[in-house]
$ cat structure_6.cif   # mmCIF, C-alpha atoms
data_work
#
loop_
_atom_site.group_PDB
_atom_site.id
_atom_site.type_symbol
_atom_site.label_atom_id
_atom_site.label_comp_id
_atom_site.auth_asym_id
_atom_site.auth_seq_id
_atom_site.Cartn_x
_atom_site.Cartn_y
_atom_site.Cartn_z
ATOM 1 C CA MET B 1 64.031 69.866 -122.161
ATOM 2 C CA THR B 2 60.935 71.618 -123.363
ATOM 3 C CA THR B 3 58.283 73.104 -121.152
ATOM 4 C CA GLU B 4 54.727 72.947 -122.177
ATOM 5 C CA THR B 5 52.430 75.850 -121.489
ATOM 6 C CA ILE B 6 49.401 74.752 -119.538
ATOM 7 C CA PRO B 7 46.364 76.317 -121.140
ATOM 8 C CA GLN B 8 44.247 78.391 -118.755
ATOM 9 C CA ALA B 9 40.543 77.926 -118.594
ATOM 10 C CA PRO B 10 38.630 80.756 -120.237
ATOM 11 C CA ALA B 11 36.864 83.203 -117.948
ATOM 12 C CA PRO B 12 33.280 82.233 -117.487
ATOM 13 C CA VAL B 13 30.976 84.182 -119.709
ATOM 14 C CA GLN B 14 27.931 85.544 -118.002
ATOM 15 C CA SER B 15 24.955 83.895 -119.573
ATOM 16 C CA ARG B 16 21.964 85.778 -120.794
ATOM 17 C CA GLY B 17 19.899 84.315 -117.967
ATOM 18 C CA ASN B 18 22.334 85.608 -115.322
ATOM 19 C CA ARG B 19 22.312 89.106 -116.824
ATOM 20 C CA LYS B 20 18.550 89.074 -116.879
ATOM 21 C CA GLN B 21 18.442 87.999 -113.245
ATOM 22 C CA ALA B 22 20.903 90.769 -112.274
ATOM 23 C CA ARG B 23 18.779 93.401 -114.026
ATOM 24 C CA ARG B 24 15.706 92.021 -112.320
ATOM 25 C CA ASN B 25 17.363 92.205 -108.898
ATOM 26 C CA THR B 26 18.441 95.784 -109.609
ATOM 27 C CA LEU B 27 14.911 96.715 -110.627
ATOM 28 C CA ILE B 28 13.489 95.142 -107.482
ATOM 29 C CA GLY B 29 15.984 97.107 -105.393
ATOM 30 C CA TRP B 30 14.970 100.369 -107.039
ATOM 31 C CA THR B 31 11.281 99.641 -106.421
ATOM 32 C CA PHE B 32 12.065 99.535 -102.696
ATOM 33 C CA ILE B 33 14.215 102.692 -102.746
ATOM 34 C CA LEU B 34 12.242 104.858 -105.174
ATOM 35 C CA PRO B 35 9.099 105.546 -103.050
ATOM 36 C CA ASN B 36 11.198 106.688 -100.102
ATOM 37 C CA PHE B 37 13.445 108.777 -102.350
ATOM 38 C CA LEU B 38 10.471 110.419 -104.048
ATOM 39 C CA GLY B 39 8.969 111.221 -100.650
ATOM 40 C CA PHE B 40 12.258 112.700 -99.464
ATOM 41 C CA LEU B 41 12.547 114.703 -102.693
ATOM 42 C CA ALA B 42 8.996 116.065 -102.565
ATOM 43 C CA PHE B 43 8.599 116.713 -98.838
ATOM 44 C CA THR B 44 12.155 117.444 -97.644
ATOM 45 C CA LEU B 45 14.748 118.344 -100.269
ATOM 46 C CA ILE B 46 12.629 120.612 -102.500
ATOM 47 C CA PRO B 47 11.043 122.498 -99.527
ATOM 48 C CA VAL B 48 14.480 123.018 -97.958
ATOM 49 C CA VAL B 49 15.908 124.442 -101.207
ATOM 50 C CA ALA B 50 12.789 126.566 -101.692
ATOM 51 C CA ALA B 51 12.980 127.901 -98.121
ATOM 52 C CA PHE B 52 16.626 128.808 -98.663
ATOM 53 C CA ALA B 53 15.707 130.793 -101.779
ATOM 54 C CA LEU B 54 12.651 132.393 -100.155
ATOM 55 C CA SER B 55 14.733 133.697 -97.258
ATOM 56 C CA PHE B 56 16.157 136.281 -99.674
ATOM 57 C CA MET B 57 12.737 137.278 -101.002
ATOM 58 C CA GLU B 58 9.667 139.164 -99.904
ATOM 59 C CA TRP B 59 6.607 137.031 -100.448
ATOM 60 C CA SER B 60 3.185 137.076 -98.873
ATOM 61 C CA SER B 61 -0.150 135.500 -99.673
ATOM 62 C CA PHE B 62 -1.160 138.549 -101.709
ATOM 63 C CA SER B 63 1.976 139.292 -103.766
ATOM 64 C CA ALA B 64 4.474 137.549 -105.994
ATOM 65 C CA PRO B 65 7.978 136.727 -104.694
ATOM 66 C CA LYS B 66 10.332 139.693 -104.905
ATOM 67 C CA TRP B 67 14.114 139.549 -104.433
ATOM 68 C CA ILE B 68 15.208 141.766 -101.520
ATOM 69 C CA GLY B 69 18.620 140.310 -100.645
ATOM 70 C CA LEU B 70 19.517 140.403 -96.951
ATOM 71 C CA ALA B 71 16.614 142.626 -95.884
ATOM 72 C CA ASN B 72 14.840 139.761 -94.117
ATOM 73 C CA PHE B 73 17.927 139.002 -92.054
ATOM 74 C CA GLU B 74 18.460 142.670 -91.179
ATOM 75 C CA ARG B 75 14.876 142.895 -90.002
ATOM 76 C CA MET B 76 15.214 139.661 -88.061
ATOM 77 C CA PHE B 77 18.371 140.658 -86.179
ATOM 78 C CA ALA B 78 16.767 144.011 -85.311
ATOM 79 C CA SER B 79 13.625 142.333 -83.948
ATOM 80 C CA ASP B 80 13.107 141.778 -80.216
ATOM 81 C CA SER B 81 10.817 138.840 -80.969
ATOM 82 C CA PHE B 82 13.632 136.940 -82.659
ATOM 83 C CA TRP B 83 16.083 137.393 -79.793
ATOM 84 C CA ILE B 84 13.443 136.494 -77.192
ATOM 85 C CA ALA B 85 12.547 133.338 -79.127
ATOM 86 C CA LEU B 86 16.231 132.436 -79.517
ATOM 87 C CA ARG B 87 16.844 132.926 -75.793
ATOM 88 C CA ASN B 88 13.808 130.799 -74.896
ATOM 89 C CA THR B 89 14.961 128.062 -77.277
ATOM 90 C CA VAL B 90 18.424 127.979 -75.697
ATOM 91 C CA VAL B 91 16.949 127.960 -72.174
ATOM 92 C CA TYR B 92 14.680 125.073 -73.104
ATOM 93 C CA ALA B 93 17.579 123.115 -74.621
ATOM 94 C CA LEU B 94 19.832 123.744 -71.595
ATOM 95 C CA GLY B 95 17.117 122.396 -69.303
ATOM 96 C CA HIS B 96 15.783 119.583 -71.467
ATOM 97 C CA VAL B 97 19.023 117.954 -72.643
ATOM 98 C CA PRO B 98 20.935 117.375 -69.353
ATOM 99 C CA LEU B 99 17.869 116.484 -67.284
ATOM 100 C CA THR B 100 16.617 113.959 -69.827
ATOM 101 C CA MET B 101 20.081 112.406 -70.132
ATOM 102 C CA ALA B 102 20.574 112.123 -66.374
ATOM 103 C CA LEU B 103 17.156 110.622 -65.651
ATOM 104 C CA ALA B 104 17.333 108.273 -68.646
ATOM 105 C CA LEU B 105 20.712 106.929 -67.495
ATOM 106 C CA LEU B 106 19.498 106.594 -63.904
ATOM 107 C CA LEU B 107 16.398 104.681 -64.966
ATOM 108 C CA ALA B 108 18.420 102.473 -67.309
ATOM 109 C CA MET B 109 20.775 101.509 -64.498
ATOM 110 C CA LEU B 110 17.880 100.806 -62.127
ATOM 111 C CA LEU B 111 16.102 98.634 -64.726
ATOM 112 C CA ASN B 112 19.218 96.841 -65.986
ATOM 113 C CA ARG B 113 18.504 93.902 -63.741
ATOM 114 C CA LYS B 114 17.219 90.382 -64.211
ATOM 115 C CA LEU B 115 14.195 90.564 -61.976
ATOM 116 C CA LYS B 116 10.743 89.120 -62.346
ATOM 117 C CA GLY B 117 8.382 91.684 -63.845
ATOM 118 C CA ILE B 118 11.142 94.122 -64.836
ATOM 119 C CA GLY B 119 9.725 94.232 -68.357
ATOM 120 C CA PHE B 120 6.526 95.828 -67.055
ATOM 121 C CA PHE B 121 8.418 98.756 -65.546
ATOM 122 C CA ARG B 122 10.456 99.236 -68.727
ATOM 123 C CA VAL B 123 7.278 99.391 -70.804
ATOM 124 C CA ALA B 124 5.567 101.689 -68.291
ATOM 125 C CA ILE B 125 8.421 104.223 -68.431
ATOM 126 C CA PHE B 126 8.661 104.017 -72.220
ATOM 127 C CA PHE B 127 4.888 104.330 -72.728
ATOM 128 C CA PRO B 128 4.665 108.179 -72.396
ATOM 129 C CA TYR B 129 6.947 108.551 -75.429
ATOM 130 C CA ILE B 130 4.420 106.841 -77.714
ATOM 131 C CA THR B 131 1.425 108.564 -76.118
ATOM 132 C CA SER B 132 -0.237 111.423 -78.004
ATOM 133 C CA LEU B 133 1.687 114.574 -77.247
ATOM 134 C CA VAL B 134 -1.519 116.604 -77.135
ATOM 135 C CA ALA B 135 -2.911 114.267 -74.474
ATOM 136 C CA VAL B 136 0.321 114.544 -72.488
ATOM 137 C CA ALA B 137 0.226 118.351 -72.657
ATOM 138 C CA VAL B 138 -3.441 118.529 -71.611
ATOM 139 C CA VAL B 139 -2.928 116.211 -68.645
ATOM 140 C CA TRP B 140 0.137 118.099 -67.432
ATOM 141 C CA ASN B 141 -1.701 121.397 -67.800
ATOM 142 C CA MET B 142 -4.295 120.002 -65.415
ATOM 143 C CA LEU B 143 -1.573 118.870 -63.023
ATOM 144 C CA PHE B 144 0.043 122.326 -63.156
ATOM 145 C CA SER B 145 -3.222 124.187 -62.587
ATOM 146 C CA PRO B 146 -2.421 126.931 -60.026
ATOM 147 C CA ASP B 147 -5.759 126.625 -58.192
ATOM 148 C CA SER B 148 -6.865 123.003 -58.364
ATOM 149 C CA GLY B 149 -3.819 121.132 -59.700
ATOM 150 C CA PRO B 150 -2.517 118.186 -57.641
ATOM 151 C CA ILE B 151 1.052 119.532 -57.775
ATOM 152 C CA ASN B 152 0.209 122.821 -56.043
ATOM 153 C CA GLN B 153 -2.094 121.023 -53.630
ATOM 154 C CA PHE B 154 0.802 118.797 -52.631
ATOM 155 C CA LEU B 155 3.146 121.775 -52.292
ATOM 156 C CA GLY B 156 0.584 123.511 -50.125
ATOM 157 C CA ALA B 157 0.183 120.398 -47.984
ATOM 158 C CA ILE B 158 3.906 120.336 -47.176
ATOM 159 C CA GLY B 159 3.898 123.961 -46.071
ATOM 160 C CA ILE B 160 4.645 126.026 -49.195
ATOM 161 C CA ALA B 161 2.319 129.011 -48.814
ATOM 162 C CA ASN B 162 2.693 130.480 -52.308
ATOM 163 C CA PRO B 163 3.258 127.665 -54.803
ATOM 164 C CA PRO B 164 4.295 128.564 -58.360
ATOM 165 C CA GLY B 165 1.769 129.653 -60.942
ATOM 166 C CA TRP B 166 3.388 127.288 -63.479
ATOM 167 C CA THR B 167 1.914 127.814 -66.968
ATOM 168 C CA SER B 168 0.140 131.007 -65.880
ATOM 169 C CA SER B 169 3.403 132.559 -64.667
ATOM 170 C CA SER B 170 6.025 134.024 -66.986
ATOM 171 C CA ASP B 171 8.751 132.811 -64.598
ATOM 172 C CA TRP B 172 7.509 129.233 -64.199
ATOM 173 C CA ALA B 173 5.969 128.468 -67.597
ATOM 174 C CA MET B 174 9.253 127.358 -69.181
ATOM 175 C CA PRO B 175 10.206 125.083 -66.228
ATOM 176 C CA ALA B 176 6.743 123.509 -66.501
ATOM 177 C CA VAL B 177 7.288 122.797 -70.203
ATOM 178 C CA ILE B 178 10.758 121.381 -69.505
ATOM 179 C CA ILE B 179 9.431 119.076 -66.773
ATOM 180 C CA THR B 180 6.716 117.784 -69.088
ATOM 181 C CA SER B 181 9.114 117.191 -71.988
ATOM 182 C CA VAL B 182 11.641 115.414 -69.749
ATOM 183 C CA TRP B 183 8.920 113.133 -68.368
ATOM 184 C CA ARG B 184 7.783 112.275 -71.884
ATOM 185 C CA ASP B 185 11.205 111.737 -73.509
ATOM 186 C CA MET B 186 13.213 110.006 -70.782
ATOM 187 C CA GLY B 187 11.647 106.600 -71.517
ATOM 188 C CA TYR B 188 12.913 106.552 -75.093
ATOM 189 C CA TYR B 189 16.465 107.496 -74.161
ATOM 190 C CA MET B 190 16.325 105.062 -71.257
ATOM 191 C CA VAL B 191 15.917 102.279 -73.833
ATOM 192 C CA LEU B 192 19.018 103.530 -75.679
ATOM 193 C CA TYR B 193 21.059 103.621 -72.488
ATOM 194 C CA LEU B 194 19.707 100.216 -71.501
ATOM 195 C CA ALA B 195 20.972 98.766 -74.767
ATOM 196 C CA GLY B 196 24.353 100.399 -74.166
ATOM 197 C CA LEU B 197 24.584 99.010 -70.622
ATOM 198 C CA GLN B 198 23.779 95.494 -71.762
ATOM 199 C CA ALA B 199 26.551 95.691 -74.358
ATOM 200 C CA ILE B 200 29.244 96.348 -71.714
ATOM 201 C CA PRO B 201 31.237 93.153 -71.034
ATOM 202 C CA THR B 202 30.762 91.874 -67.490
ATOM 203 C CA GLU B 203 34.480 91.058 -67.377
ATOM 204 C CA LEU B 204 35.250 94.770 -67.031
ATOM 205 C CA TYR B 205 33.177 95.030 -63.872
ATOM 206 C CA GLU B 206 34.634 91.809 -62.497
ATOM 207 C CA ALA B 207 38.187 93.021 -63.089
ATOM 208 C CA ALA B 208 37.437 96.365 -61.454
ATOM 209 C CA GLU B 209 35.871 94.637 -58.460
ATOM 210 C CA VAL B 210 38.906 92.382 -58.080
ATOM 211 C CA ASP B 211 41.086 95.508 -58.065
ATOM 212 C CA GLY B 212 39.043 96.837 -55.167
ATOM 213 C CA ALA B 213 37.067 99.500 -57.028
ATOM 214 C CA SER B 214 33.993 100.798 -55.251
ATOM 215 C CA ALA B 215 30.564 101.039 -56.880
ATOM 216 C CA TRP B 216 31.134 104.711 -57.716
ATOM 217 C CA GLN B 217 34.580 103.979 -59.173
ATOM 218 C CA ARG B 218 33.142 101.198 -61.329
ATOM 219 C CA PHE B 219 30.444 103.555 -62.558
ATOM 220 C CA TRP B 220 32.852 106.406 -63.292
ATOM 221 C CA ASN B 221 35.727 104.374 -64.782
ATOM 222 C CA VAL B 222 33.833 101.551 -66.511
ATOM 223 C CA THR B 223 30.218 102.495 -67.186
ATOM 224 C CA ILE B 224 30.657 106.107 -68.307
ATOM 225 C CA PRO B 225 33.568 105.449 -70.762
ATOM 226 C CA SER B 226 31.793 102.394 -72.185
ATOM 227 C CA LEU B 227 28.625 104.413 -72.764
ATOM 228 C CA ARG B 228 30.435 107.213 -74.597
ATOM 229 C CA PRO B 229 29.084 106.297 -78.093
ATOM 230 C CA THR B 230 25.543 105.980 -76.724
ATOM 231 C CA THR B 231 25.857 109.267 -74.841
ATOM 232 C CA PHE B 232 27.094 111.020 -77.975
ATOM 233 C CA PHE B 233 24.094 109.779 -79.958
ATOM 234 C CA VAL B 234 21.710 110.782 -77.159
ATOM 235 C CA VAL B 235 23.206 114.285 -76.922
ATOM 236 C CA VAL B 236 22.906 114.865 -80.678
ATOM 237 C CA MET B 237 19.323 113.613 -80.834
ATOM 238 C CA LEU B 238 18.248 115.575 -77.762
ATOM 239 C CA THR B 239 19.889 118.771 -78.998
ATOM 240 C CA VAL B 240 18.211 118.602 -82.398
ATOM 241 C CA SER B 241 14.795 117.808 -80.900
ATOM 242 C CA SER B 242 15.170 120.599 -78.314
ATOM 243 C CA PHE B 243 15.835 123.249 -80.934
ATOM 244 C CA LYS B 244 12.864 122.000 -82.986
ATOM 245 C CA VAL B 245 10.353 121.908 -80.112
ATOM 246 C CA PHE B 246 6.981 123.223 -81.235
ATOM 247 C CA ASP B 247 3.844 121.198 -80.570
ATOM 248 C CA LEU B 248 4.317 120.744 -76.824
ATOM 249 C CA ILE B 249 4.723 124.486 -76.261
ATOM 250 C CA VAL B 250 1.818 125.365 -78.555
ATOM 251 C CA VAL B 251 -0.565 123.081 -76.656
ATOM 252 C CA MET B 252 0.660 123.897 -73.142
ATOM 253 C CA THR B 253 1.299 127.646 -73.265
ATOM 254 C CA ASN B 254 0.998 128.823 -76.896
ATOM 255 C CA GLY B 255 4.164 130.817 -76.304
ATOM 256 C CA GLY B 256 2.861 132.626 -73.238
ATOM 257 C CA PRO B 257 2.330 134.104 -70.811
ATOM 258 C CA GLY B 258 3.437 137.050 -72.893
ATOM 259 C CA ARG B 259 6.400 135.756 -74.893
ATOM 260 C CA SER B 260 8.037 133.810 -72.050
ATOM 261 C CA THR B 261 7.864 130.436 -73.857
ATOM 262 C CA THR B 262 7.879 131.517 -77.507
ATOM 263 C CA VAL B 263 10.584 129.530 -79.336
ATOM 264 C CA LEU B 264 12.054 129.846 -82.812
ATOM 265 C CA SER B 265 9.941 127.126 -84.396
ATOM 266 C CA GLN B 266 6.787 128.791 -83.098
ATOM 267 C CA LEU B 267 7.976 132.175 -84.338
ATOM 268 C CA ILE B 268 8.502 130.648 -87.791
ATOM 269 C CA TYR B 269 4.931 129.354 -87.734
ATOM 270 C CA GLN B 270 3.492 132.663 -86.539
ATOM 271 C CA GLU B 271 5.294 134.733 -89.158
ATOM 272 C CA GLY B 272 4.776 132.287 -92.023
ATOM 273 C CA ILE B 273 1.374 130.689 -91.517
ATOM 274 C CA GLY B 274 -0.170 133.276 -89.202
ATOM 275 C CA GLU B 275 1.045 136.501 -90.825
ATOM 276 C CA GLY B 276 1.695 135.187 -94.326
ATOM 277 C CA LYS B 277 5.271 136.503 -94.374
ATOM 278 C CA PHE B 278 6.814 133.484 -96.049
ATOM 279 C CA GLY B 279 10.119 135.125 -96.940
ATOM 280 C CA TYR B 280 10.714 136.403 -93.420
ATOM 281 C CA SER B 281 9.762 133.079 -91.806
ATOM 282 C CA SER B 282 12.090 131.281 -94.245
ATOM 283 C CA ALA B 283 14.935 133.538 -93.092
ATOM 284 C CA ILE B 284 14.266 132.573 -89.463
ATOM 285 C CA SER B 285 14.146 128.887 -90.397
ATOM 286 C CA LEU B 286 17.470 129.223 -92.224
ATOM 287 C CA VAL B 287 19.071 130.732 -89.116
ATOM 288 C CA LEU B 288 17.620 127.918 -86.993
ATOM 289 C CA PHE B 289 19.033 125.372 -89.451
ATOM 290 C CA ILE B 290 22.488 126.986 -89.261
ATOM 291 C CA ILE B 291 22.389 126.981 -85.444
ATOM 292 C CA VAL B 292 21.426 123.301 -85.252
ATOM 293 C CA LEU B 293 23.997 122.369 -87.911
ATOM 294 C CA THR B 294 26.745 124.282 -86.088
ATOM 295 C CA VAL B 295 25.961 122.693 -82.733
ATOM 296 C CA THR B 296 25.837 119.220 -84.291
ATOM 297 C CA VAL B 297 29.157 119.684 -86.121
ATOM 298 C CA LEU B 298 30.787 120.911 -82.898
ATOM 299 C CA GLN B 299 29.521 117.831 -81.086
ATOM 300 C CA PHE B 300 31.003 115.591 -83.782
ATOM 301 C CA LYS B 301 34.328 117.427 -83.554
ATOM 302 C CA ILE B 302 34.418 117.061 -79.764
ATOM 303 C CA GLN B 303 33.579 113.357 -80.052
ATOM 304 C CA GLN B 304 36.345 112.780 -82.605
ATOM 305 C CA ARG B 305 38.862 114.579 -80.395
ATOM 306 C CA ARG B 306 37.907 112.409 -77.426
ATOM 307 C CA GLU B 307 38.299 109.232 -79.469
ATOM 308 C CA ARG B 308 41.867 110.247 -80.385
#

$ encode --input "structure_6.cif" --output "structure tokens"
Amino acid sequence: MTTETIPQAPAPVQSRGNRKQARRNTLIGWTFILPNFLGFLAFTLIPVVAAFALSFMEWSSFSAPKWIGLANFERMFASDSFWIALRNTVVYALGHVPLTMALALLLAMLLNRKLKGIGFFRVAIFFPYITSLVAVAVVWNMLFSPDSGPINQFLGAIGIANPPGWTSSSDWAMPAVIITSVWRDMGYYMVLYLAGLQAIPTELYEAAEVDGASAWQRFWNVTIPSLRPTTFFVVVMLTVSSFKVFDLIVVMTNGGPGRSTTVLSQLIYQEGIGEGKFGYSSAISLVLFIIVLTVTVLQFKIQQRRER
């Protein structure tokens, strides 16, 4: 008995028209990607590499770049201005990050309801985030005015004889900046938390309620664990933005009174643009980059350990 081999159909050969269409689709894809890539290359990647190289050089507006090795870093670590700016940056971050997270989560839980007109309140709380930061800073400076500001007038009306000097006081200027930044940013992070809350299955709350869990137990054992990815993203974004704060402080206090609100990003601007010491300012920016990178990597490591 003989067996006949069944011939297999030949693999389809890609026609010239199909190849032409594939090349055309590839070209169209590159036309979408290329402008963004060129912008990233010109305004981000090349300046970052140049700043890294300049941090080891001495360069001002009136001289050519000169290689000096680690001299910029030695000068930086011996400077009081650097350590004061670093301390102020950390203080700002420690106040801005937890307060913004707490208020954003609280507002998200209050507005995570199906009520008539709830959309208006969501938009109203989010609106400060898209408002001009200069306008926000000017308005809050008026509110914090020691003599005629509504905040001190209210404090005086409730019996506080010596209300804070706010932006005119070296002790209260940083809290004033933190309050303003929290008020501006909490609406954006509220939207993120609101999206996270709406993604939690209602069955989890129903099961916890059947088991007799109280409202606090449902919040602690259901809401918080379910929001862990959202919270991680919020912490990373808030930390990075806190260490990069610049424009709000420049408009509200310009680093004063004295140096009580001078932060690293402002010090970089003062040394680079103001004094023309581009090499020294690049060294400070490199240290700031390393700090932010280290904190972000640590946050990722902690998140991975929690997920295990």

$ atom_distance --input "structure_6.cif" --atom1 "atom CA of Leu107 of chain B" --atom2 "atom CA of Asn221 of chain B"
19.3 Å

$ resolve_selection --input "structure_6.cif" --expression "the PyMOL selection byres ((chain B and resi 101) around 8)" --output "JSON, numbers by chain"
{"B": [97, 98, 99, 100, 102, 103, 104, 105, 186, 189, 234, 235]}

$ write_last_selection --input "structure_6.cif" --atoms "C-alpha atoms" --output "PDB file, in the frame of the given file"
ATOM      1  CA  VAL B  97      19.023 117.954 -72.643  1.00  0.00           C
ATOM      2  CA  PRO B  98      20.935 117.375 -69.353  1.00  0.00           C
ATOM      3  CA  LEU B  99      17.869 116.484 -67.284  1.00  0.00           C
ATOM      4  CA  THR B 100      16.617 113.959 -69.827  1.00  0.00           C
ATOM      5  CA  ALA B 102      20.574 112.123 -66.374  1.00  0.00           C
ATOM      6  CA  LEU B 103      17.156 110.622 -65.651  1.00  0.00           C
ATOM      7  CA  ALA B 104      17.333 108.273 -68.646  1.00  0.00           C
ATOM      8  CA  LEU B 105      20.712 106.929 -67.495  1.00  0.00           C
ATOM      9  CA  MET B 186      13.213 110.006 -70.782  1.00  0.00           C
ATOM     10  CA  TYR B 189      16.465 107.496 -74.161  1.00  0.00           C
ATOM     11  CA  VAL B 234      21.710 110.782 -77.159  1.00  0.00           C
ATOM     12  CA  VAL B 235      23.206 114.285 -76.922  1.00  0.00           C
TER      13      VAL B 235
END

$ closest_residue --input "structure_6.cif" --among "B:Arg228, B:Lys244, B:His96, B:Arg122" --to "Tyr188 of chain B" --atoms "only C-alpha atoms"
B:Arg122

$ resolve_selection --input "structure_6.cif" --expression "the PyMOL selection byres ((chain B and resi 167-179) around 7)" --output "list of chain:residue names"
B:Tyr92, B:Gly95, B:His96, B:Phe144, B:Pro164, B:Gly165, B:Trp166, B:Thr180, B:Ser181, B:Val182, B:Trp183, B:Ile249, B:Thr253, B:Pro257, B:Ser260, B:Thr261

$ atom_distance --input "structure_6.cif" --atom1 "atom CA of Trp67 of chain B" --atom2 "atom CA of Thr44 of chain B"
23.2 Å

$ atom_distance --input "structure_6.cif" --atom1 "atom CA of Leu204 of chain B" --atom2 "atom CA of Arg218 of chain B"
8.8 Å

$ axis_aligned_box --input "structure_6.cif" --around "segment 161-175 of chain B" --padding-each-side "3 Å" --output "JSON"
{"center_x": 5.2, "center_y": 129.6, "center_z": -59.0, "size_x": 16.1, "size_y": 14.9, "size_z": 26.4}

$ closest_residue --input "structure_6.cif" --among "B:Lys301, B:Arg87, B:Lys66, B:Arg75" --to "Thr262 of chain B" --atoms "all atoms listed in the file"
B:Arg87

$ residues_around --input "structure_6.cif" --residues "Phe243 of chain B" --least-positions-apart "2" --cutoff "9 Å" --atoms "all atoms listed in the file" --output "list in words"
Thr89, Val90, Tyr92, Ala93, Leu238, Thr239, Val240, Ser241, Val245, Phe246, Val263, Leu264, Ser265, Leu288, Ile291 and Val292 of chain B

$ residues_around --input "structure_6.cif" --residues "segment 266-281 of chain B" --least-positions-apart "3" --cutoff "7 Å" --atoms "all atoms listed in the file" --output "list in words"
Leu54, Ser55, Phe56, Met57, Glu58, Trp59, Ser60, Ser61, Asn72, Phe246, Thr262, Val263, Ile284 and Ser285 of chain B

$ closest_atom_pairs --input "structure_6.cif" --of "segment 188-244 of chain B" --to "segment 109-115 of chain B" --cutoff "10 Å" --atoms "only C-alpha atoms" --output "CSV"
residue,atom,partner,partner_atom,distance
B:Met190,CA,B:Met109,CA,8.8
B:Val191,CA,B:Leu111,CA,9.8
B:Tyr193,CA,B:Met109,CA,8.3
B:Leu194,CA,B:Asn112,CA,6.5
B:Ala195,CA,B:Asn112,CA,9.2
B:Leu197,CA,B:Asn112,CA,7.4
B:Gln198,CA,B:Asn112,CA,7.5
B:Thr223,CA,B:Met109,CA,9.9

$ closest_residue --input "structure_6.cif" --among "B:Ala85, B:Leu298, B:Ala53, B:Leu106" --to "Leu70 of chain B" --atoms "all atoms listed in the file"
B:Ala53

$ closest_residue --input "structure_6.cif" --among "B:Trp140, B:Phe121, B:Asn152, B:Val295" --to "Ser242 of chain B" --atoms "all atoms listed in the file"
B:Val295
